[in-house]
>>> print(open('my_file.csv').read())   # CSV, C-alpha atoms
chain,number,residue,atom,x,y,z
J,1,MET,CA,0.0,0.0,0.0
J,2,SER,CA,1.3,3.4,-0.9
J,3,ILE,CA,1.9,6.1,1.7
J,4,HIS,CA,-0.9,8.3,0.6
J,5,ALA,CA,-3.3,5.4,-0.1
J,6,GLU,CA,-2.8,4.3,3.5
J,7,SER,CA,-3.7,7.7,4.8
J,8,SER,CA,-6.8,7.8,2.6
J,9,GLN,CA,-7.9,4.4,3.7
J,10,GLN,CA,-7.4,5.0,7.4
J,11,LEU,CA,-8.6,8.6,7.6
J,12,GLY,CA,-11.4,8.3,5.1
J,13,LYS,CA,-14.3,6.0,4.6
J,14,SER,CA,-12.8,3.3,2.4
J,15,SER,CA,-12.5,-0.3,3.8
J,16,PRO,CA,-14.2,0.5,7.1
J,17,ALA,CA,-13.5,-2.9,8.4
J,18,LEU,CA,-9.8,-2.0,8.4
J,19,SER,CA,-10.2,1.5,9.7
J,20,PRO,CA,-9.2,2.3,13.3
J,21,PHE,CA,-12.1,4.8,13.2
J,22,ASP,CA,-14.8,2.1,12.4
J,23,PHE,CA,-16.7,3.3,15.5
J,24,LEU,CA,-17.2,6.6,13.7
J,25,LYS,CA,-18.7,5.0,10.6
J,26,GLU,CA,-22.3,6.1,11.2
J,27,GLU,CA,-21.2,9.6,12.2
J,28,LEU,CA,-19.0,9.9,9.1
J,29,ASP,CA,-21.8,8.6,6.9
J,30,ALA,CA,-24.0,11.3,8.3
J,31,VAL,CA,-21.4,14.0,7.6
J,32,ASP,CA,-20.8,12.6,4.1
J,33,HIS,CA,-24.6,12.7,3.4
J,34,CYS,CA,-24.7,16.3,4.7
J,35,ILE,CA,-21.8,17.3,2.5
J,36,ARG,CA,-23.3,15.8,-0.6
J,37,GLN,CA,-26.7,17.3,0.1
J,38,GLN,CA,-25.2,20.8,0.0
J,39,ALA,CA,-25.1,20.6,-3.8
J,40,LEU,CA,-28.9,20.8,-3.7
J,41,ALA,CA,-28.6,24.3,-2.3
J,42,PHE,CA,-27.2,25.7,-5.5
J,43,ASP,CA,-29.0,26.6,-8.8
J,44,PRO,CA,-29.7,23.5,-10.9
J,45,ALA,CA,-27.3,24.7,-13.5
J,46,VAL,CA,-24.5,24.9,-11.0
J,47,GLU,CA,-25.4,21.7,-9.0
J,48,PRO,CA,-23.5,19.2,-11.2
J,49,TYR,CA,-20.3,21.1,-10.9
J,50,VAL,CA,-20.6,21.3,-7.1
J,51,SER,CA,-21.6,17.6,-6.9
J,52,TYR,CA,-18.4,16.7,-8.9
J,53,VAL,CA,-16.0,18.4,-6.5
J,54,LEU,CA,-17.9,17.3,-3.4
J,55,ASN,CA,-17.7,13.7,-4.5
J,56,ASN,CA,-14.0,14.1,-5.4
J,57,GLY,CA,-12.9,16.0,-2.4
J,58,GLY,CA,-10.6,15.3,0.5
J,59,LYS,CA,-10.0,12.4,2.8
J,60,ARG,CA,-12.4,13.8,5.5
J,61,ILE,CA,-9.5,14.3,8.0
J,62,ARG,CA,-11.1,17.6,9.3
J,63,PRO,CA,-14.5,15.9,9.9
J,64,VAL,CA,-12.8,13.1,11.7
J,65,LEU,CA,-11.0,15.6,13.9
J,66,THR,CA,-14.2,17.5,14.7
J,67,LEU,CA,-16.1,14.3,15.5
J,68,LEU,CA,-13.4,12.9,17.7
J,69,SER,CA,-13.0,16.2,19.6
J,70,GLY,CA,-16.8,16.3,20.1
J,71,GLY,CA,-16.9,12.7,21.2
J,72,ALA,CA,-14.0,13.1,23.6
J,73,THR,CA,-15.6,16.2,25.3
J,74,GLY,CA,-19.2,15.2,25.9
J,75,GLY,CA,-20.6,13.5,22.9
J,76,ILE,CA,-21.4,14.0,19.2
J,77,HIS,CA,-24.6,15.7,18.1
J,78,GLU,CA,-26.1,17.2,15.0
J,79,ASP,CA,-24.1,20.4,15.4
J,80,HIS,CA,-20.9,18.4,15.1
J,81,HIS,CA,-22.1,16.9,11.8
J,82,LYS,CA,-22.8,20.4,10.5
J,83,MET,CA,-19.5,21.8,11.7
J,84,ALA,CA,-17.6,18.9,10.2
J,85,SER,CA,-19.4,19.5,6.9
J,86,ILE,CA,-18.6,23.2,7.0
J,87,LEU,CA,-14.9,22.7,7.5
J,88,GLU,CA,-14.8,20.1,4.8
J,89,LEU,CA,-16.5,22.4,2.3
J,90,ILE,CA,-13.9,25.1,3.1
J,91,HIS,CA,-11.2,22.5,2.6
J,92,ILE,CA,-12.6,21.4,-0.7
J,93,ALA,CA,-12.9,25.0,-1.9
J,94,THR,CA,-9.2,25.4,-1.2
J,95,LEU,CA,-8.4,22.3,-3.1
J,96,VAL,CA,-10.3,23.6,-6.2
J,97,HIS,CA,-8.3,26.8,-6.0
J,98,ASP,CA,-5.0,25.0,-5.3
J,99,ASP,CA,-5.4,22.9,-8.4
J,100,ILE,CA,-5.8,26.1,-10.5
J,101,ILE,CA,-2.7,27.7,-9.0
J,102,ASP,CA,-0.6,24.6,-9.3
J,103,GLY,CA,-1.9,23.5,-12.7
J,104,ALA,CA,-2.7,20.1,-11.2
J,105,GLU,CA,-4.7,17.8,-13.5
J,106,ILE,CA,-5.4,14.8,-11.1
J,107,ARG,CA,-6.8,14.6,-7.6
J,108,ARG,CA,-7.8,11.3,-6.0
J,109,GLN,CA,-7.2,9.6,-9.3
J,110,ALA,CA,-9.7,11.8,-11.2
J,111,PRO,CA,-9.5,15.0,-13.3
J,112,THR,CA,-9.5,18.2,-11.2
J,113,ALA,CA,-12.2,20.8,-11.8
J,114,ASN,CA,-9.5,22.9,-13.5
J,115,ALA,CA,-8.6,20.1,-15.9
J,116,LYS,CA,-12.3,19.5,-16.7
J,117,TRP,CA,-13.6,23.0,-17.0
J,118,GLY,CA,-10.7,25.4,-16.9
J,119,PRO,CA,-9.6,28.1,-14.4
J,120,ALA,CA,-12.4,30.6,-15.0
J,121,LEU,CA,-15.2,28.3,-13.9
J,122,SER,CA,-13.1,26.6,-11.3
J,123,VAL,CA,-12.2,29.7,-9.4
J,124,LEU,CA,-15.9,30.7,-9.3
J,125,LEU,CA,-16.8,27.2,-8.1
J,126,GLY,CA,-14.3,27.5,-5.2
J,127,ASP,CA,-15.7,30.9,-4.3
J,128,ALA,CA,-19.2,29.5,-4.3
J,129,LEU,CA,-18.2,26.7,-1.9
J,130,PHE,CA,-16.5,29.2,0.4
J,131,ALA,CA,-19.6,31.4,0.5
J,132,HIS,CA,-21.9,28.5,1.1
J,133,ALA,CA,-19.8,27.2,4.0
J,134,LEU,CA,-19.8,30.6,5.7
J,135,THR,CA,-23.6,30.9,5.2
J,136,LEU,CA,-24.0,27.6,7.0
J,137,ALA,CA,-21.7,28.7,9.8
J,138,SER,CA,-23.8,31.8,10.3
J,139,GLU,CA,-26.8,29.6,11.3
J,140,PHE,CA,-25.2,28.7,14.7
J,141,ASP,CA,-26.8,30.5,17.6
J,142,ASP,CA,-23.4,31.2,19.2
J,143,ALA,CA,-21.9,34.0,17.1
J,144,SER,CA,-18.4,33.0,18.3
J,145,VAL,CA,-18.7,29.8,16.4
J,146,SER,CA,-19.3,31.5,13.1
J,147,ARG,CA,-16.5,34.0,13.8
J,148,SER,CA,-14.1,31.2,14.5
J,149,VAL,CA,-15.0,29.5,11.2
J,150,SER,CA,-14.6,32.8,9.3
J,151,LYS,CA,-11.3,33.4,10.9
J,152,ALA,CA,-10.0,29.9,9.9
J,153,ALA,CA,-11.2,30.4,6.3
J,154,SER,CA,-9.5,33.8,6.2
J,155,ASP,CA,-6.3,32.3,7.6
J,156,VAL,CA,-6.3,29.6,5.0
J,157,CYS,CA,-6.7,32.1,2.1
J,158,SER,CA,-4.1,34.4,3.6
J,159,GLY,CA,-1.6,31.6,4.0
J,160,GLU,CA,-2.1,30.7,0.3
J,161,ILE,CA,-1.7,34.3,-0.7
J,162,ILE,CA,1.6,34.6,1.2
J,163,GLN,CA,2.9,31.3,-0.2
J,164,THR,CA,2.0,32.3,-3.7
J,165,ARG,CA,3.5,35.7,-3.3
J,166,ARG,CA,6.8,34.2,-2.0
J,167,ARG,CA,7.4,31.5,-4.7
J,168,PHE,CA,11.0,31.4,-5.8
J,169,ASP,CA,11.8,33.7,-2.9
J,170,PHE,CA,15.2,32.3,-1.7
J,171,LEU,CA,15.0,34.7,1.4
J,172,LEU,CA,12.1,32.7,2.8
J,173,SER,CA,13.0,31.5,6.3
J,174,ARG,CA,11.9,28.4,8.2
J,175,GLU,CA,9.9,30.8,10.4
J,176,ASP,CA,8.2,32.1,7.3
J,177,TYR,CA,7.4,28.6,6.2
J,178,PHE,CA,5.9,27.6,9.5
J,179,HIS,CA,3.8,30.8,9.6
J,180,ILE,CA,2.4,29.9,6.1
J,181,ILE,CA,1.5,26.3,6.8
J,182,ARG,CA,0.1,27.2,10.2
J,183,MET,CA,-2.4,29.4,8.4
J,184,LYS,CA,-3.1,27.4,5.2
J,185,THR,CA,-3.3,23.9,6.7
J,186,ALA,CA,-3.2,23.9,10.5
J,187,ALA,CA,-5.9,26.5,10.9
J,188,LEU,CA,-8.7,24.2,9.8
J,189,PHE,CA,-7.4,21.3,11.8
J,190,ALA,CA,-7.4,23.6,14.9
J,191,ALA,CA,-10.8,24.9,14.1
J,192,GLY,CA,-12.2,21.4,14.0
J,193,THR,CA,-10.7,20.3,17.3
J,194,GLU,CA,-11.4,23.6,19.1
J,195,LEU,CA,-15.0,23.9,17.9
J,196,GLY,CA,-15.7,20.2,18.6
J,197,ALA,CA,-15.2,21.0,22.3
J,198,ARG,CA,-16.9,24.4,22.1
J,199,LEU,CA,-20.1,22.9,20.8
J,200,ASN,CA,-20.2,20.8,24.0
J,201,GLY,CA,-19.7,23.9,26.2
J,202,GLN,CA,-16.3,22.9,27.4
J,203,PRO,CA,-14.1,25.3,29.4
J,204,ALA,CA,-11.8,27.7,27.5
J,205,SER,CA,-8.8,25.8,28.8
J,206,VAL,CA,-10.0,22.6,27.2
J,207,GLN,CA,-10.8,24.4,24.0
J,208,ALA,CA,-7.4,26.0,23.9
J,209,SER,CA,-5.6,22.6,24.5
J,210,LEU,CA,-7.5,21.0,21.7
J,211,ARG,CA,-6.9,24.0,19.4
J,212,ASP,CA,-3.2,23.6,20.0
J,213,PHE,CA,-3.5,19.9,19.3
J,214,GLY,CA,-5.0,20.7,15.9
J,215,PHE,CA,-2.3,23.3,15.1
J,216,HIS,CA,0.5,20.9,15.9
J,217,LEU,CA,-1.1,17.9,14.1
J,218,GLY,CA,-1.9,20.1,11.1
J,219,THR,CA,1.6,21.4,10.9
J,220,ALA,CA,3.0,17.9,11.1
J,221,TYR,CA,0.6,16.8,8.4
J,222,GLN,CA,1.7,19.6,6.0
J,223,VAL,CA,5.4,18.7,6.6
J,224,TYR,CA,4.5,15.1,5.7
J,225,ASP,CA,2.6,16.2,2.6
J,226,ASP,CA,5.5,18.4,1.5
J,227,CYS,CA,7.9,15.5,1.8
J,228,LEU,CA,5.5,13.2,0.0
J,229,ASP,CA,5.4,15.7,-2.9
J,230,LEU,CA,9.1,14.9,-3.4
J,231,VAL,CA,9.3,11.2,-2.6
J,232,GLY,CA,5.8,9.9,-3.5
J,233,ASP,CA,4.8,7.9,-6.5
J,234,GLU,CA,2.2,9.8,-8.5
J,235,ASN,CA,0.2,6.7,-9.7
J,236,ALA,CA,0.0,5.4,-6.1
J,237,VAL,CA,-0.8,8.7,-4.5
J,238,GLY,CA,-3.5,9.5,-6.9
J,239,LYS,CA,-2.7,13.2,-7.5
J,240,THR,CA,-0.3,15.3,-9.4
J,241,LEU,CA,3.1,15.5,-7.6
J,242,ARG,CA,6.2,17.6,-7.8
J,243,THR,CA,3.9,20.7,-8.2
J,244,ASP,CA,5.5,22.4,-5.2
J,245,LEU,CA,9.0,22.0,-6.6
J,246,ASN,CA,8.1,23.0,-10.2
J,247,LYS,CA,6.1,26.0,-9.1
J,248,GLY,CA,8.8,27.4,-6.8
J,249,LYS,CA,7.1,26.6,-3.4
J,250,LEU,CA,10.0,26.5,-1.0
J,251,THR,CA,8.8,23.8,1.4
J,252,LEU,CA,10.7,22.6,4.5
J,253,PRO,CA,12.8,19.9,2.7
J,254,ILE,CA,13.9,22.4,0.0
J,255,LEU,CA,14.7,25.0,2.7
J,256,ASN,CA,16.8,22.4,4.5
J,257,LEU,CA,18.6,21.6,1.2
J,258,LEU,CA,19.4,25.2,0.6
J,259,ALA,CA,20.6,25.7,4.2
J,260,ARG,CA,22.9,22.6,3.9
J,261,ALA,CA,24.4,23.6,0.6
J,262,THR,CA,27.6,25.5,0.1
J,263,GLU,CA,27.5,28.9,-1.5
J,264,ARG,CA,28.4,27.4,-4.9
J,265,GLN,CA,25.8,24.6,-4.5
J,266,ARG,CA,23.1,27.2,-3.6
J,267,GLU,CA,23.9,29.1,-6.8
J,268,LYS,CA,23.4,25.9,-8.8
J,269,LEU,CA,20.1,25.2,-7.0
J,270,HIS,CA,18.9,28.8,-7.5
J,271,ARG,CA,19.6,28.5,-11.2
J,272,LEU,CA,17.8,25.1,-11.4
J,273,PHE,CA,14.7,26.5,-9.7
J,274,LEU,CA,14.6,29.7,-11.7
J,275,GLN,CA,14.6,27.8,-15.0
J,276,ARG,CA,10.9,27.2,-14.1
J,277,GLU,CA,10.9,23.9,-15.9
J,278,PRO,CA,10.0,20.4,-14.5
J,279,ILE,CA,12.8,19.3,-12.2
J,280,ASP,CA,14.0,15.7,-11.7
J,281,VAL,CA,14.7,15.2,-8.0
J,282,SER,CA,17.8,13.3,-9.0
J,283,ALA,CA,19.2,16.6,-10.1
J,284,LEU,CA,18.9,17.9,-6.6
J,285,ALA,CA,20.6,14.8,-5.1
J,286,ASN,CA,23.5,15.4,-7.4
J,287,ILE,CA,24.0,19.0,-6.1
J,288,ALA,CA,23.6,18.8,-2.3
J,289,ASP,CA,22.5,16.7,0.6
J,290,TYR,CA,19.0,15.9,-0.7
J,291,GLU,CA,18.4,12.8,1.5
J,292,GLY,CA,19.6,14.5,4.6
J,293,SER,CA,17.3,17.4,3.9
J,294,ILE,CA,14.3,15.1,3.7
J,295,GLU,CA,15.4,13.3,6.9
J,296,SER,CA,15.6,16.6,8.8
J,297,ALA,CA,12.2,17.7,7.6
J,298,LEU,CA,10.7,14.3,8.7
J,299,ASP,CA,12.3,14.7,12.1
J,300,THR,CA,10.6,18.1,12.4
J,301,GLY,CA,7.3,16.4,11.6
J,302,PHE,CA,7.8,13.8,14.3
J,303,GLY,CA,8.5,16.7,16.8
J,304,PHE,CA,5.2,18.4,16.0
J,305,VAL,CA,3.4,15.0,16.4
J,306,GLU,CA,4.9,14.7,19.9
J,307,LYS,CA,3.7,18.3,20.8
J,308,ALA,CA,0.2,17.3,19.6
J,309,ARG,CA,0.2,14.3,21.9
J,310,GLU,CA,1.1,16.4,24.9
J,311,CYS,CA,-2.0,18.5,24.4
J,312,LEU,CA,-4.3,15.6,24.9
J,313,GLY,CA,-3.6,15.4,28.6
J,314,VAL,CA,-6.8,17.4,29.2
J,315,LEU,CA,-9.0,14.5,28.1
J,316,SER,CA,-10.1,11.7,30.4
J,317,GLY,CA,-10.1,8.8,28.0
J,318,GLY,CA,-12.6,6.8,26.0
J,319,PRO,CA,-12.7,5.7,22.3
J,320,HIS,CA,-12.8,9.2,20.9
J,321,ALA,CA,-9.8,10.4,23.0
J,322,ASP,CA,-8.0,7.2,21.9
J,323,GLY,CA,-8.9,8.1,18.3
J,324,LEU,CA,-7.1,11.4,18.7
J,325,HIS,CA,-4.1,9.6,20.0
J,326,HIS,CA,-4.3,7.2,17.1
J,327,LEU,CA,-4.2,10.0,14.7
J,328,CYS,CA,-0.8,10.9,16.1
J,329,ASP,CA,0.2,7.2,15.7
J,330,LEU,CA,-1.0,7.2,12.1
J,331,LEU,CA,0.9,10.3,11.2
J,332,ASP,CA,4.0,8.9,12.8
J,333,THR,CA,3.5,5.8,10.6
J,334,LEU,CA,3.2,8.0,7.5
J,335,LEU,CA,6.3,10.0,8.3
J,336,ARG,CA,8.2,6.7,8.8
J,337,ALA,CA,6.9,5.4,5.5
J,338,CYS,CA,8.2,8.6,3.8
J,339,ARG,CA,11.6,8.0,5.3
J,340,GLU,CA,11.7,4.4,3.9
J,341,HIS,CA,10.6,5.5,0.4
>>> encode(input="my_file.csv", output="structure tokens")
Amino acid sequence: MSIHAESSQQLGKSSPALSPFDFLKEELDAVDHCIRQQALAFDPAVEPYVSYVLNNGGKRIRPVLTLLSGGATGGIHEDHHKMASILELIHIATLVHDDIIDGAEIRRQAPTANAKWGPALSVLLGDALFAHALTLASEFDDASVSRSVSKAASDVCSGEIIQTRRRFDFLLSREDYFHIIRMKTAALFAAGTELGARLNGQPASVQASLRDFGFHLGTAYQVYDDCLDLVGDENAVGKTLRTDLNKGKLTLPILNLLARATERQREKLHRLFLQREPIDVSALANIADYEGSIESALDTGFGFVEKARECLGVLSGGPHADGLHHLCDLLDTLLRACREH
């Protein structure tokens, strides 16, 4: 099983008998139904486009986080299903936009919206999903809930803007990189875990600990995904790879590579990146310490997973709390699989 296929299987709905989250199956089915039903809220002329991207969206990691957080802090109810759906809609909207920016043609082994209909329609489709998600969030009686969702959506978009603006920027620091991925990826993880607890009326301290858990886990996940983009197999992963490298996104392994290189090696790397042509990763290995740079990035990912574990001390136990711990175990497994690739 490929690295990415394993994450899809264990964090998504496929092969539920093998899934460590089998006890969430009914809840995830309810969320899946809610997500797909959202297409009906759009004009009939728009509905088929929305249905396509909703059926070809993410691995439901954010809904899993929301449900586990809710279950670990008092129980899952209908508001958790709704919140899980909202966060997944925002995530899917970002995927639609990402595929335009990256020129990606495949996602989950199917053509992207951009590949099927072009950038003009796809950008509007992503916008429509964002708007609909925020409309749903506004229906909660607690205004702080909708504000948190809006803030997370704003952070995601801001992170993408900063990352896009700083492509091919060799002055990008590690601190800049972590700021970007904290916004563009970890913000939605954190919103799911924090709001899962808030919807159960948990104290601010518990909400804060679970928010921090989401931030650390989301950061580790993005580090993993950035390494996967370099070492993964496109056919097994089911999406276009090497887009980060070819589009000038300076991810953590590339920043490590530049930091480890001599001045002369950095000049060669800069020239290679600035050609703005597809890059064979073997060319990187021939210039500087490519494998060591991947290893160092993976070590950083492991560190963030450990920080996430430490945040779960506020929970008293039970299957949902165990599920959050298992997410850490799963991400550790995926990072190790990246190392062995």
>>> closest_residue(input="my_file.csv", among="J:Gly301, J:Gly103, J:Gly248, J:Pro44", to="Asp332 of chain J", atoms="only C-alpha atoms")
J:Gly301
>>> atom_distance(input="my_file.csv", atom1="atom CA of Ser146 of chain J", atom2="atom CA of His97 of chain J")
22.5 Å
>>> atom_distance(input="my_file.csv", atom1="atom CA of Cys34 of chain J", atom2="atom CA of Leu199 of chain J")
18.0 Å
>>> closest_atom_pairs(input="my_file.csv", of="segment 54-100 of chain J", to="segment 183-193 of chain J", cutoff="7 Å", atoms="all atoms listed in the file", output="CSV")
residue,atom,partner,partner_atom,distance
J:Arg62,CA,J:Phe189,CA,5.8
J:Leu65,CA,J:Thr193,CA,5.8
J:Thr66,CA,J:Gly192,CA,4.4
J:Ser69,CA,J:Thr193,CA,5.2
J:Leu87,CA,J:Leu188,CA,6.8
>>> atom_distance(input="my_file.csv", atom1="atom CA of Val123 of chain J", atom2="atom CA of Ile100 of chain J")
7.4 Å
>>> closest_residue(input="my_file.csv", among="J:Phe170, J:Leu315, J:Leu24, J:Glu194", to="Leu269 of chain J", atoms="all atoms listed in the file")
J:Phe170
>>> residues_around(input="my_file.csv", residues="Phe178 of chain J", least_positions_apart="6", cutoff="10 Å", atoms="only C-alpha atoms", output="VMD selection string")
chain J and resid 184 186 219 222 to 223 251 to 252
>>> closest_atom_pairs(input="my_file.csv", of="segment 278-339 of chain J", to="segment 203-209 of chain J", cutoff="9 Å", atoms="only C-alpha atoms", output="JSON lines")
{"residue": "J:Cys311", "atom": "CA", "partner": "J:Ser209", "partner_atom": "CA", "distance": 5.5}
{"residue": "J:Leu312", "atom": "CA", "partner": "J:Ser209", "partner_atom": "CA", "distance": 7.1}
{"residue": "J:Gly313", "atom": "CA", "partner": "J:Ser209", "partner_atom": "CA", "distance": 8.5}
{"residue": "J:Val314", "atom": "CA", "partner": "J:Val206", "partner_atom": "CA", "distance": 6.4}
{"residue": "J:Leu315", "atom": "CA", "partner": "J:Val206", "partner_atom": "CA", "distance": 8.2}
>>> write_last_selection(input="my_file.csv", atoms="C-alpha atoms", output="PDB file, in the frame of the given file")
ATOM      1  CA  CYS J 311      -2.000  18.500  24.400  1.00  0.00           C
ATOM      2  CA  LEU J 312      -4.300  15.600  24.900  1.00  0.00           C
ATOM      3  CA  GLY J 313      -3.600  15.400  28.600  1.00  0.00           C
ATOM      4  CA  VAL J 314      -6.800  17.400  29.200  1.00  0.00           C
ATOM      5  CA  LEU J 315      -9.000  14.500  28.100  1.00  0.00           C
TER       6      LEU J 315
END
>>> residues_around(input="my_file.csv", residues="His216 of chain J", least_positions_apart="5", cutoff="7 Å", atoms="only C-alpha atoms", output="PyMOL selection string")
chain J and resi 304-305+307-308
>>> residues_around(input="my_file.csv", residues="Cys157 of chain J", least_positions_apart="5", cutoff="12 Å", atoms="only C-alpha atoms", output="ChimeraX atom specification")
/J:90-91,93-95,97-98,126-127,130,150-152,162-164,180-185,187-188
>>> residues_around(input="my_file.csv", residues="Arg339 of chain J", least_positions_apart="2", cutoff="12 Å", atoms="all atoms listed in the file", output="PyMOL selection string")
chain J and resi 3+224+227-228+230-232+291-299+301-302+332-337+341
>>> closest_residue(input="my_file.csv", among="J:Ala84, J:Ala220, J:Leu67, J:Val145", to="Gly201 of chain J", atoms="only C-alpha atoms")
J:Val145
>>> closest_residue(input="my_file.csv", among="J:Leu125, J:Leu331, J:Ala133, J:Val50", to="Gly303 of chain J", atoms="only C-alpha atoms")
J:Leu331
>>> residues_around(input="my_file.csv", residues="Glu105 of chain J", least_positions_apart="4", cutoff="6 Å", atoms="all atoms listed in the file", output="list in words")
Pro111, Thr112 and Ala115 of chain J
>>> build_atoms(input="my_file.csv", residues="segment 264-285 of chain J", atoms="N, CA and C atoms", output="PDB file, in the coordinates of the input")
ATOM      1  N   ARG J 264      28.388  27.759  -3.491  1.00  0.00           N
ATOM      2  CA  ARG J 264      28.400  27.400  -4.900  1.00  0.00           C
ATOM      3  C   ARG J 264      27.226  26.444  -5.217  1.00  0.00           C
ATOM      4  N   GLN J 265      26.935  25.513  -4.299  1.00  0.00           N
ATOM      5  CA  GLN J 265      25.800  24.600  -4.500  1.00  0.00           C
ATOM      6  C   GLN J 265      24.479  25.374  -4.527  1.00  0.00           C
ATOM      7  N   ARG J 266      24.359  26.361  -3.628  1.00  0.00           N
ATOM      8  CA  ARG J 266      23.100  27.200  -3.600  1.00  0.00           C
ATOM      9  C   ARG J 266      22.946  27.913  -4.930  1.00  0.00           C
ATOM     10  N   GLU J 267      24.021  28.427  -5.497  1.00  0.00           N
ATOM     11  CA  GLU J 267      23.900  29.100  -6.800  1.00  0.00           C
ATOM     12  C   GLU J 267      23.383  28.160  -7.856  1.00  0.00           C
ATOM     13  N   LYS J 268      23.863  26.917  -7.844  1.00  0.00           N
ATOM     14  CA  LYS J 268      23.400  25.900  -8.800  1.00  0.00           C
ATOM     15  C   LYS J 268      21.891  25.620  -8.580  1.00  0.00           C
ATOM     16  N   LEU J 269      21.528  25.473  -7.303  1.00  0.00           N
ATOM     17  CA  LEU J 269      20.100  25.200  -7.000  1.00  0.00           C
ATOM     18  C   LEU J 269      19.239  26.360  -7.394  1.00  0.00           C
ATOM     19  N   HIS J 270      19.675  27.579  -7.128  1.00  0.00           N
ATOM     20  CA  HIS J 270      18.900  28.800  -7.500  1.00  0.00           C
ATOM     21  C   HIS J 270      18.666  28.760  -9.026  1.00  0.00           C
ATOM     22  N   ARG J 271      19.730  28.496  -9.779  1.00  0.00           N
ATOM     23  CA  ARG J 271      19.600  28.500 -11.200  1.00  0.00           C
ATOM     24  C   ARG J 271      18.621  27.403 -11.695  1.00  0.00           C
ATOM     25  N   LEU J 272      18.701  26.245 -11.052  1.00  0.00           N
ATOM     26  CA  LEU J 272      17.800  25.100 -11.400  1.00  0.00           C
ATOM     27  C   LEU J 272      16.353  25.494 -11.157  1.00  0.00           C
ATOM     28  N   PHE J 273      16.087  26.096  -9.991  1.00  0.00           N
ATOM     29  CA  PHE J 273      14.700  26.500  -9.700  1.00  0.00           C
ATOM     30  C   PHE J 273      14.204  27.581 -10.597  1.00  0.00           C
ATOM     31  N   LEU J 274      15.056  28.538 -10.874  1.00  0.00           N
ATOM     32  CA  LEU J 274      14.600  29.700 -11.700  1.00  0.00           C
ATOM     33  C   LEU J 274      14.441  29.399 -13.138  1.00  0.00           C
ATOM     34  N   GLN J 275      14.852  28.218 -13.579  1.00  0.00           N
ATOM     35  CA  GLN J 275      14.600  27.800 -15.000  1.00  0.00           C
ATOM     36  C   GLN J 275      13.062  27.642 -15.169  1.00  0.00           C
ATOM     37  N   ARG J 276      12.348  27.395 -14.064  1.00  0.00           N
ATOM     38  CA  ARG J 276      10.900  27.200 -14.100  1.00  0.00           C
ATOM     39  C   ARG J 276      10.462  26.152 -15.055  1.00  0.00           C
ATOM     40  N   GLU J 277      11.221  25.086 -15.063  1.00  0.00           N
ATOM     41  CA  GLU J 277      10.900  23.900 -15.900  1.00  0.00           C
ATOM     42  C   GLU J 277      10.815  22.717 -14.935  1.00  0.00           C
ATOM     43  N   PRO J 278      10.117  21.635 -15.352  1.00  0.00           N
ATOM     44  CA  PRO J 278      10.000  20.400 -14.500  1.00  0.00           C
ATOM     45  C   PRO J 278      11.420  19.986 -14.047  1.00  0.00           C
ATOM     46  N   ILE J 279      11.542  19.700 -12.747  1.00  0.00           N
ATOM     47  CA  ILE J 279      12.800  19.300 -12.200  1.00  0.00           C
ATOM     48  C   ILE J 279      12.808  17.861 -11.759  1.00  0.00           C
ATOM     49  N   ASP J 280      13.792  17.120 -12.192  1.00  0.00           N
ATOM     50  CA  ASP J 280      14.000  15.700 -11.700  1.00  0.00           C
ATOM     51  C   ASP J 280      14.686  15.802 -10.394  1.00  0.00           C
ATOM     52  N   VAL J 281      14.082  15.150  -9.381  1.00  0.00           N
ATOM     53  CA  VAL J 281      14.700  15.200  -8.000  1.00  0.00           C
ATOM     54  C   VAL J 281      16.085  14.667  -7.995  1.00  0.00           C
ATOM     55  N   SER J 282      16.425  13.797  -8.938  1.00  0.00           N
ATOM     56  CA  SER J 282      17.800  13.300  -9.000  1.00  0.00           C
ATOM     57  C   SER J 282      18.801  14.381  -9.210  1.00  0.00           C
ATOM     58  N   ALA J 283      18.349  15.440  -9.897  1.00  0.00           N
ATOM     59  CA  ALA J 283      19.200  16.600 -10.100  1.00  0.00           C
ATOM     60  C   ALA J 283      19.571  17.269  -8.804  1.00  0.00           C
ATOM     61  N   LEU J 284      18.611  17.306  -7.887  1.00  0.00           N
ATOM     62  CA  LEU J 284      18.900  17.900  -6.600  1.00  0.00           C
ATOM     63  C   LEU J 284      19.863  17.059  -5.792  1.00  0.00           C
ATOM     64  N   ALA J 285      19.689  15.735  -5.878  1.00  0.00           N
ATOM     65  CA  ALA J 285      20.600  14.800  -5.100  1.00  0.00           C
ATOM     66  C   ALA J 285      22.013  14.947  -5.622  1.00  0.00           C
TER      67      ALA J 285
END
